[in-house]
file protein25.cif (mmCIF, C-alpha atoms)
data_final
loop_
_atom_site.label_atom_id
_atom_site.label_comp_id
_atom_site.auth_asym_id
_atom_site.auth_seq_id
_atom_site.Cartn_x
_atom_site.Cartn_y
_atom_site.Cartn_z
CA MET A 27 -53.74 50.89 18.11
CA ILE A 28 -51.42 52.90 20.31
CA ASN A 29 -52.08 53.15 24.04
CA THR A 30 -51.83 56.18 26.32
CA ASN A 31 -48.19 55.50 27.32
CA GLU A 32 -47.09 55.15 23.71
CA PHE A 33 -49.04 58.30 22.81
CA SER A 34 -47.38 60.17 25.68
CA ASN A 35 -43.94 59.03 24.47
CA ILE A 36 -44.73 60.10 20.90
CA LEU A 37 -45.76 63.55 22.12
CA LYS A 38 -42.64 63.77 24.30
CA ASP A 39 -40.42 62.85 21.34
CA MET A 40 -42.04 65.72 19.43
CA GLY A 41 -41.42 68.18 22.28
CA TYR A 42 -44.92 68.18 23.82
CA LYS A 43 -46.39 66.95 27.10
CA LEU A 44 -49.49 64.82 27.52
CA THR A 45 -51.60 67.42 29.32
CA GLU A 46 -55.00 66.57 30.78
CA PRO A 47 -56.95 68.05 27.82
CA ARG A 48 -54.73 66.20 25.35
CA LYS A 49 -55.27 62.96 27.25
CA VAL A 50 -59.04 63.51 27.28
CA VAL A 51 -59.14 64.10 23.50
CA PHE A 52 -56.86 61.10 22.94
CA ASP A 53 -59.16 58.96 25.13
CA VAL A 54 -62.26 60.11 23.23
CA LEU A 55 -60.67 59.33 19.87
CA SER A 56 -59.26 55.97 20.97
CA GLN A 57 -62.62 54.91 22.48
CA SER A 58 -64.40 55.90 19.28
CA ARG A 59 -62.32 53.93 16.83
CA MET A 60 -65.18 52.84 14.61
CA THR A 61 -66.85 56.24 14.31
CA HIS A 62 -65.71 59.29 12.44
CA MET A 63 -66.46 62.20 14.75
CA ASN A 64 -66.46 65.88 13.94
CA ALA A 65 -65.05 68.39 16.43
CA SER A 66 -68.49 68.91 18.03
CA ASP A 67 -68.80 65.16 18.62
CA VAL A 68 -65.33 65.10 20.20
CA LEU A 69 -66.25 68.07 22.42
CA LYS A 70 -69.49 66.43 23.55
CA ARG A 71 -67.73 63.21 24.55
CA ALA A 72 -64.81 65.11 26.11
CA LYS A 73 -67.28 67.00 28.32
CA GLU A 74 -68.61 63.65 29.57
CA ILE A 75 -65.09 62.88 30.82
CA LYS A 76 -64.08 66.41 31.88
CA PRO A 77 -67.13 68.70 32.15
CA ASP A 78 -65.10 71.92 32.35
CA ILE A 79 -63.16 71.35 29.12
CA GLY A 80 -63.83 74.17 26.66
CA ALA A 81 -64.58 74.11 22.96
CA ALA A 82 -61.52 76.21 22.12
CA THR A 83 -59.31 73.76 24.00
CA VAL A 84 -60.70 70.76 22.14
CA TYR A 85 -60.30 72.54 18.78
CA ARG A 86 -56.70 73.50 19.64
CA VAL A 87 -55.87 69.94 20.70
CA LEU A 88 -57.35 68.52 17.48
CA ALA A 89 -55.40 71.07 15.44
CA LEU A 90 -52.17 70.17 17.27
CA PHE A 91 -52.76 66.44 16.85
CA GLU A 92 -53.41 66.97 13.14
CA LYS A 93 -50.29 69.15 12.79
CA LEU A 94 -48.24 66.43 14.48
CA ASP A 95 -49.85 63.82 12.20
CA LEU A 96 -51.35 61.99 15.17
CA VAL A 97 -54.89 62.23 13.84
CA TYR A 98 -56.32 62.19 10.37
CA SER A 99 -58.82 64.76 9.30
CA LEU A 100 -61.31 63.18 6.93
CA ASP A 101 -63.49 64.97 4.44
CA LEU A 102 -66.49 62.73 3.87
CA ASP A 103 -68.14 65.25 1.55
CA ASP A 104 -70.71 66.25 4.17
CA GLY A 105 -69.40 69.74 4.90
CA CYS A 106 -67.42 69.04 8.05
CA SER A 107 -64.10 67.47 8.93
CA ARG A 108 -64.11 64.18 10.80
CA TYR A 109 -61.25 63.00 12.98
CA GLU A 110 -59.76 59.64 13.68
CA LEU A 111 -56.70 58.65 15.64
CA ARG A 112 -53.82 57.42 13.57
CA ARG A 113 -53.50 53.69 14.12
CA SER A 114 -50.02 53.13 12.77
CA PHE A 115 -47.05 55.08 11.64
CA ASP A 116 -46.34 53.21 8.41
CA GLY A 117 -47.21 56.27 6.34
CA HIS A 118 -50.52 55.08 4.93
CA ARG A 119 -54.11 55.68 5.83
CA HIS A 120 -56.80 53.10 5.44
CA HIS A 121 -59.54 53.45 2.85
CA HIS A 122 -63.19 54.33 3.45
CA LEU A 123 -66.36 52.90 1.94
CA ILE A 124 -69.20 55.44 1.97
CA CYS A 125 -72.82 54.38 1.45
CA GLU A 126 -74.59 56.96 -0.68
CA SER A 127 -77.98 55.85 0.68
CA CYS A 128 -77.59 55.92 4.46
CA GLY A 129 -74.25 57.74 4.80
CA LYS A 130 -72.62 54.89 6.72
CA VAL A 131 -68.81 54.96 6.61
CA MET A 132 -66.92 51.68 6.77
CA GLU A 133 -63.19 51.25 7.02
CA LEU A 134 -61.27 49.07 4.64
CA LYS A 135 -58.04 47.94 6.27
CA GLU A 136 -56.39 46.47 3.19
CA ASP A 137 -54.01 48.73 1.29
CA LEU A 138 -55.40 48.29 -2.19
CA LEU A 139 -52.79 50.46 -3.87
CA GLU A 140 -49.54 48.88 -2.69
CA LYS A 141 -48.75 47.27 -6.08
CA LEU A 142 -49.66 50.48 -7.88
CA GLU A 143 -47.32 52.50 -5.66
CA ILE A 144 -44.44 50.10 -6.42
CA GLU A 145 -45.18 50.40 -10.14
CA ILE A 146 -45.32 54.21 -9.92
CA GLU A 147 -41.95 54.30 -8.19
CA LYS A 148 -40.46 51.89 -10.69
CA THR A 149 -41.77 53.60 -13.83
CA LYS A 150 -41.93 57.24 -12.76
CA GLY A 151 -39.32 57.44 -10.00
CA PHE A 152 -42.03 58.92 -7.78
CA VAL A 153 -42.23 57.71 -4.17
CA VAL A 154 -45.79 57.77 -2.84
CA LYS A 155 -45.89 59.08 0.73
CA ASP A 156 -49.62 58.67 1.32
CA HIS A 157 -52.96 58.44 -0.43
CA ARG A 158 -56.61 58.93 0.45
CA VAL A 159 -59.25 56.70 -1.05
CA LYS A 160 -63.00 57.05 -0.64
CA ILE A 161 -65.14 54.48 -2.41
CA TYR A 162 -68.82 55.35 -2.88
CA GLY A 163 -71.61 52.85 -3.30
CA THR A 164 -74.47 51.15 -1.48
CA CYS A 165 -74.01 49.10 1.68
CA LYS A 166 -75.44 45.61 2.17
CA LYS A 167 -78.24 46.82 4.48
CA CYS A 168 -79.45 49.45 1.99
CA ARG A 169 -79.27 46.98 -0.91
CA LYS A 170 -81.53 44.60 1.06
CA ASN A 171 -84.04 47.40 1.70
CA PRO A 172 -84.94 48.81 -1.73
CA GLY A 173 -87.04 51.55 -0.09
CA MET A 174 -83.81 53.15 1.14
CA LEU A 175 -82.33 53.52 -2.36
#
call {"tool": "encode", "arguments": {"input": "protein25.cif", "output": "structure tokens"}}
result
Amino acid sequence: MINTNEFSNILKDMGYKLTEPRKVVFDVLSQSRMTHMNASDVLKRAKEIKPDIGAATVYRVLALFEKLDLVYSLDLDDGCSRYELRRSFDGHRHHHLICESCGKVMELKEDLLEKLEIEIEKTKGFVVKDHRVKIYGTCKKCRKNPGML
């Protein structure tokens, strides 16, 4: 996970400054690593840090971070985009496990498609830049509680 100084340097290298609103949004996202927040969630937490921050500012910062590939926008098939801070710059996202019973989203750190990508490049001459994988099923808690299924 990148820290504030590294994030500031990344922004600087891209021609941007780490302004106070950008720092607030970065802090919210970095403190919320295990949740997948929508823009309203980010705004709510940002207001806890900086009460006068506006919705338009938060939306603009999220859009800029996404444009600069500093955050990922996730579509978890619930009608709204979720955001998470990019954890590394190796070109790949992590995978998500989505429980169809309770809606819980779990992250899967392992890159399950590395061998497939090598095979695709070898056989098709196609270099995979990135992929997005969402795996649907039932989490352990819901499987233990049949009433939730």
call {"tool": "closest_residue", "arguments": {"input": "protein25.cif", "among": "A:Asn35, A:Asn171, A:Ser107, A:Thr83", "to": "A:Arg48", "atoms": "only C-alpha atoms"}}
result
A:Thr83
call {"tool": "resolve_selection", "arguments": {"input": "protein25.cif", "expression": "the PyMOL selection byres ((chain A and resi 85) around 12)", "output": "VMD selection string"}}
result
chain A and resid 47 to 48 51 64 to 69 72 79 to 84 86 to 92 107 109
call {"tool": "residues_around", "arguments": {"input": "protein25.cif", "residues": "A:Glu143", "least_positions_apart": "5", "cutoff": "12 Å", "atoms": "all atoms listed in the file", "output": "MDAnalysis selection string"}}
result
chainID A and resid 118 137:138 148:157
call {"tool": "axis_aligned_box", "arguments": {"input": "protein25.cif", "around": "stretch 60-71 of chain A", "padding_each_side": "8 Å", "output": "JSON"}}
result
{"center_x": -67.3, "center_y": 60.9, "center_z": 18.5, "size_x": 20.4, "size_y": 32.1, "size_z": 28.1}
call {"tool": "atom_distance", "arguments": {"input": "protein25.cif", "atom1": "atom CA of A:Asp104", "atom2": "atom CA of A:Glu133"}}
result
17.0 Å
call {"tool": "resolve_selection", "arguments": {"input": "protein25.cif", "expression": "the PyMOL selection byres ((chain A and resi 108) around 7)", "output": "PDB file with C-alpha atoms, in the coordinates of the input"}}
result
ATOM      1  CA  HIS A  62     -65.710  59.290  12.440  1.00  0.00           C
ATOM      2  CA  MET A  63     -66.460  62.200  14.750  1.00  0.00           C
ATOM      3  CA  ASN A  64     -66.460  65.880  13.940  1.00  0.00           C
ATOM      4  CA  SER A  99     -58.820  64.760   9.300  1.00  0.00           C
ATOM      5  CA  LEU A 100     -61.310  63.180   6.930  1.00  0.00           C
ATOM      6  CA  ASP A 101     -63.490  64.970   4.440  1.00  0.00           C
ATOM      7  CA  CYS A 106     -67.420  69.040   8.050  1.00  0.00           C
ATOM      8  CA  SER A 107     -64.100  67.470   8.930  1.00  0.00           C
ATOM      9  CA  TYR A 109     -61.250  63.000  12.980  1.00  0.00           C
ATOM     10  CA  GLU A 110     -59.760  59.640  13.680  1.00  0.00           C
TER      11      GLU A 110
END
call {"tool": "resolve_selection", "arguments": {"input": "protein25.cif", "expression": "the PyMOL selection byres ((chain A and resi 162) around 8)", "output": "ChimeraX atom specification"}}
result
/A:123-126,160-161,163-164
call {"tool": "write_last_selection", "arguments": {"input": "protein25.cif", "atoms": "C-alpha atoms", "output": "mmCIF file, in the coordinates of the input"}}
result
data_model
loop_
_atom_site.group_PDB
_atom_site.id
_atom_site.type_symbol
_atom_site.label_atom_id
_atom_site.label_comp_id
_atom_site.auth_asym_id
_atom_site.auth_seq_id
_atom_site.Cartn_x
_atom_site.Cartn_y
_atom_site.Cartn_z
ATOM 1 C CA LEU A 123 -66.360 52.900 1.940
ATOM 2 C CA ILE A 124 -69.200 55.440 1.970
ATOM 3 C CA CYS A 125 -72.820 54.380 1.450
ATOM 4 C CA GLU A 126 -74.590 56.960 -0.680
ATOM 5 C CA LYS A 160 -63.000 57.050 -0.640
ATOM 6 C CA ILE A 161 -65.140 54.480 -2.410
ATOM 7 C CA GLY A 163 -71.610 52.850 -3.300
ATOM 8 C CA THR A 164 -74.470 51.150 -1.480
#
call {"tool": "atom_distance", "arguments": {"input": "protein25.cif", "atom1": "atom CA of A:Lys70", "atom2": "atom CA of A:Ser56"}}
result
14.9 Å
call {"tool": "atom_distance", "arguments": {"input": "protein25.cif", "atom1": "atom CA of A:Asn31", "atom2": "atom CA of A:Lys43"}}
result
11.6 Å
call {"tool": "closest_residue", "arguments": {"input": "protein25.cif", "among": "A:Leu44, A:Val50, A:Leu96, A:Cys168", "to": "A:Lys130", "atoms": "all atoms listed in the file"}}
result
A:Cys168
call {"tool": "decode", "arguments": {"input": "protein25.cif", "residues": "stretch 33-112 of chain A", "atoms": "C-alpha atoms", "output": "PDB file, in the first residue's frame"}}
result
ATOM      1  CA  PHE A  33       1.121   9.272  -3.437  1.00  0.00           C
ATOM      2  CA  SER A  34       2.223  12.913  -3.471  1.00  0.00           C
ATOM      3  CA  ASN A  35       5.283  11.990  -5.564  1.00  0.00           C
ATOM      4  CA  ILE A  36       3.143   9.995  -8.004  1.00  0.00           C
ATOM      5  CA  LEU A  37       0.811  12.967  -8.444  1.00  0.00           C
ATOM      6  CA  LYS A  38       3.783  15.306  -8.875  1.00  0.00           C
ATOM      7  CA  ASP A  39       5.287  13.033 -11.536  1.00  0.00           C
ATOM      8  CA  MET A  40       1.962  13.251 -13.383  1.00  0.00           C
ATOM      9  CA  GLY A  41       1.913  17.056 -13.169  1.00  0.00           C
ATOM     10  CA  TYR A  42      -0.506  17.444 -10.233  1.00  0.00           C
ATOM     11  CA  LYS A  43      -0.183  18.671  -6.653  1.00  0.00           C
ATOM     12  CA  LEU A  44      -1.452  16.913  -3.554  1.00  0.00           C
ATOM     13  CA  THR A  45      -4.055  19.505  -2.577  1.00  0.00           C
ATOM     14  CA  GLU A  46      -5.963  19.282   0.694  1.00  0.00           C
ATOM     15  CA  PRO A  47      -9.100  17.767  -0.919  1.00  0.00           C
ATOM     16  CA  ARG A  48      -6.981  15.208  -2.780  1.00  0.00           C
ATOM     17  CA  LYS A  49      -5.205  14.296   0.451  1.00  0.00           C
ATOM     18  CA  VAL A  50      -8.537  13.912   2.267  1.00  0.00           C
ATOM     19  CA  VAL A  51      -9.917  11.587  -0.434  1.00  0.00           C
ATOM     20  CA  PHE A  52      -6.636   9.645  -0.487  1.00  0.00           C
ATOM     21  CA  ASP A  53      -6.792   9.304   3.320  1.00  0.00           C
ATOM     22  CA  VAL A  54     -10.401   8.082   3.203  1.00  0.00           C
ATOM     23  CA  LEU A  55      -9.595   5.492   0.557  1.00  0.00           C
ATOM     24  CA  SER A  56      -6.397   4.317   2.248  1.00  0.00           C
ATOM     25  CA  GLN A  57      -8.144   4.003   5.639  1.00  0.00           C
ATOM     26  CA  SER A  58     -10.948   2.011   4.039  1.00  0.00           C
ATOM     27  CA  ARG A  59      -8.873  -0.638   2.326  1.00  0.00           C
ATOM     28  CA  MET A  60     -11.195  -3.534   3.043  1.00  0.00           C
ATOM     29  CA  THR A  61     -14.418  -1.814   1.991  1.00  0.00           C
ATOM     30  CA  HIS A  62     -15.596  -0.879  -1.449  1.00  0.00           C
ATOM     31  CA  MET A  63     -17.128   2.564  -1.064  1.00  0.00           C
ATOM     32  CA  ASN A  64     -19.287   4.446  -3.510  1.00  0.00           C
ATOM     33  CA  ALA A  65     -18.821   8.193  -3.992  1.00  0.00           C
ATOM     34  CA  SER A  66     -21.446   8.983  -1.324  1.00  0.00           C
ATOM     35  CA  ASP A  67     -19.560   6.828   1.190  1.00  0.00           C
ATOM     36  CA  VAL A  68     -16.317   8.626   0.328  1.00  0.00           C
ATOM     37  CA  LEU A  69     -18.041  12.014   0.716  1.00  0.00           C
ATOM     38  CA  LYS A  70     -19.495  11.063   4.097  1.00  0.00           C
ATOM     39  CA  ARG A  71     -16.116   9.990   5.462  1.00  0.00           C
ATOM     40  CA  ALA A  72     -14.350  12.967   3.859  1.00  0.00           C
ATOM     41  CA  LYS A  73     -16.755  15.310   5.670  1.00  0.00           C
ATOM     42  CA  GLU A  74     -15.735  13.692   8.967  1.00  0.00           C
ATOM     43  CA  ILE A  75     -12.160  14.788   8.232  1.00  0.00           C
ATOM     44  CA  LYS A  76     -12.925  18.106   6.515  1.00  0.00           C
ATOM     45  CA  PRO A  77     -16.526  19.216   7.179  1.00  0.00           C
ATOM     46  CA  ASP A  78     -16.537  21.923   4.494  1.00  0.00           C
ATOM     47  CA  ILE A  79     -15.518  19.630   1.627  1.00  0.00           C
ATOM     48  CA  GLY A  80     -18.194  19.623  -1.071  1.00  0.00           C
ATOM     49  CA  ALA A  81     -19.743  16.780  -3.014  1.00  0.00           C
ATOM     50  CA  ALA A  82     -18.596  18.212  -6.356  1.00  0.00           C
ATOM     51  CA  THR A  83     -15.022  18.368  -5.074  1.00  0.00           C
ATOM     52  CA  VAL A  84     -15.054  14.746  -3.948  1.00  0.00           C
ATOM     53  CA  TYR A  85     -16.553  13.615  -7.272  1.00  0.00           C
ATOM     54  CA  ARG A  86     -13.930  15.614  -9.210  1.00  0.00           C
ATOM     55  CA  VAL A  87     -11.096  14.156  -7.115  1.00  0.00           C
ATOM     56  CA  LEU A  88     -12.394  10.604  -7.635  1.00  0.00           C
ATOM     57  CA  ALA A  89     -12.702  11.241 -11.377  1.00  0.00           C
ATOM     58  CA  LEU A  90      -9.138  12.614 -11.502  1.00  0.00           C
ATOM     59  CA  PHE A  91      -7.751   9.700  -9.496  1.00  0.00           C
ATOM     60  CA  GLU A  92      -9.531   7.273 -11.823  1.00  0.00           C
ATOM     61  CA  LYS A  93      -8.257   9.115 -14.918  1.00  0.00           C
ATOM     62  CA  LEU A  94      -4.715   8.920 -13.527  1.00  0.00           C
ATOM     63  CA  ASP A  95      -5.241   5.214 -12.756  1.00  0.00           C
ATOM     64  CA  LEU A  96      -4.705   5.809  -9.035  1.00  0.00           C
ATOM     65  CA  VAL A  97      -8.044   4.300  -8.063  1.00  0.00           C
ATOM     66  CA  TYR A  98     -10.085   1.499  -9.502  1.00  0.00           C
ATOM     67  CA  SER A  99     -13.745   1.937 -10.162  1.00  0.00           C
ATOM     68  CA  LEU A 100     -15.545  -1.324  -9.485  1.00  0.00           C
ATOM     69  CA  ASP A 101     -18.907  -2.354 -10.831  1.00  0.00           C
ATOM     70  CA  LEU A 102     -20.297  -4.869  -8.363  1.00  0.00           C
ATOM     71  CA  ASP A 103     -23.564  -5.176 -10.278  1.00  0.00           C
ATOM     72  CA  ASP A 104     -25.478  -3.164  -7.685  1.00  0.00           C
ATOM     73  CA  GLY A 105     -26.075  -0.043  -9.762  1.00  0.00           C
ATOM     74  CA  CYS A 106     -23.276   2.150  -8.445  1.00  0.00           C
ATOM     75  CA  SER A 107     -19.534   2.408  -8.896  1.00  0.00           C
ATOM     76  CA  ARG A 108     -17.311   1.545  -5.953  1.00  0.00           C
ATOM     77  CA  TYR A 109     -13.809   2.897  -5.502  1.00  0.00           C
ATOM     78  CA  GLU A 110     -10.650   1.453  -4.115  1.00  0.00           C
ATOM     79  CA  LEU A 111      -7.143   2.820  -4.029  1.00  0.00           C
ATOM     80  CA  ARG A 112      -4.708   1.101  -6.317  1.00  0.00           C
TER      81      ARG A 112
END
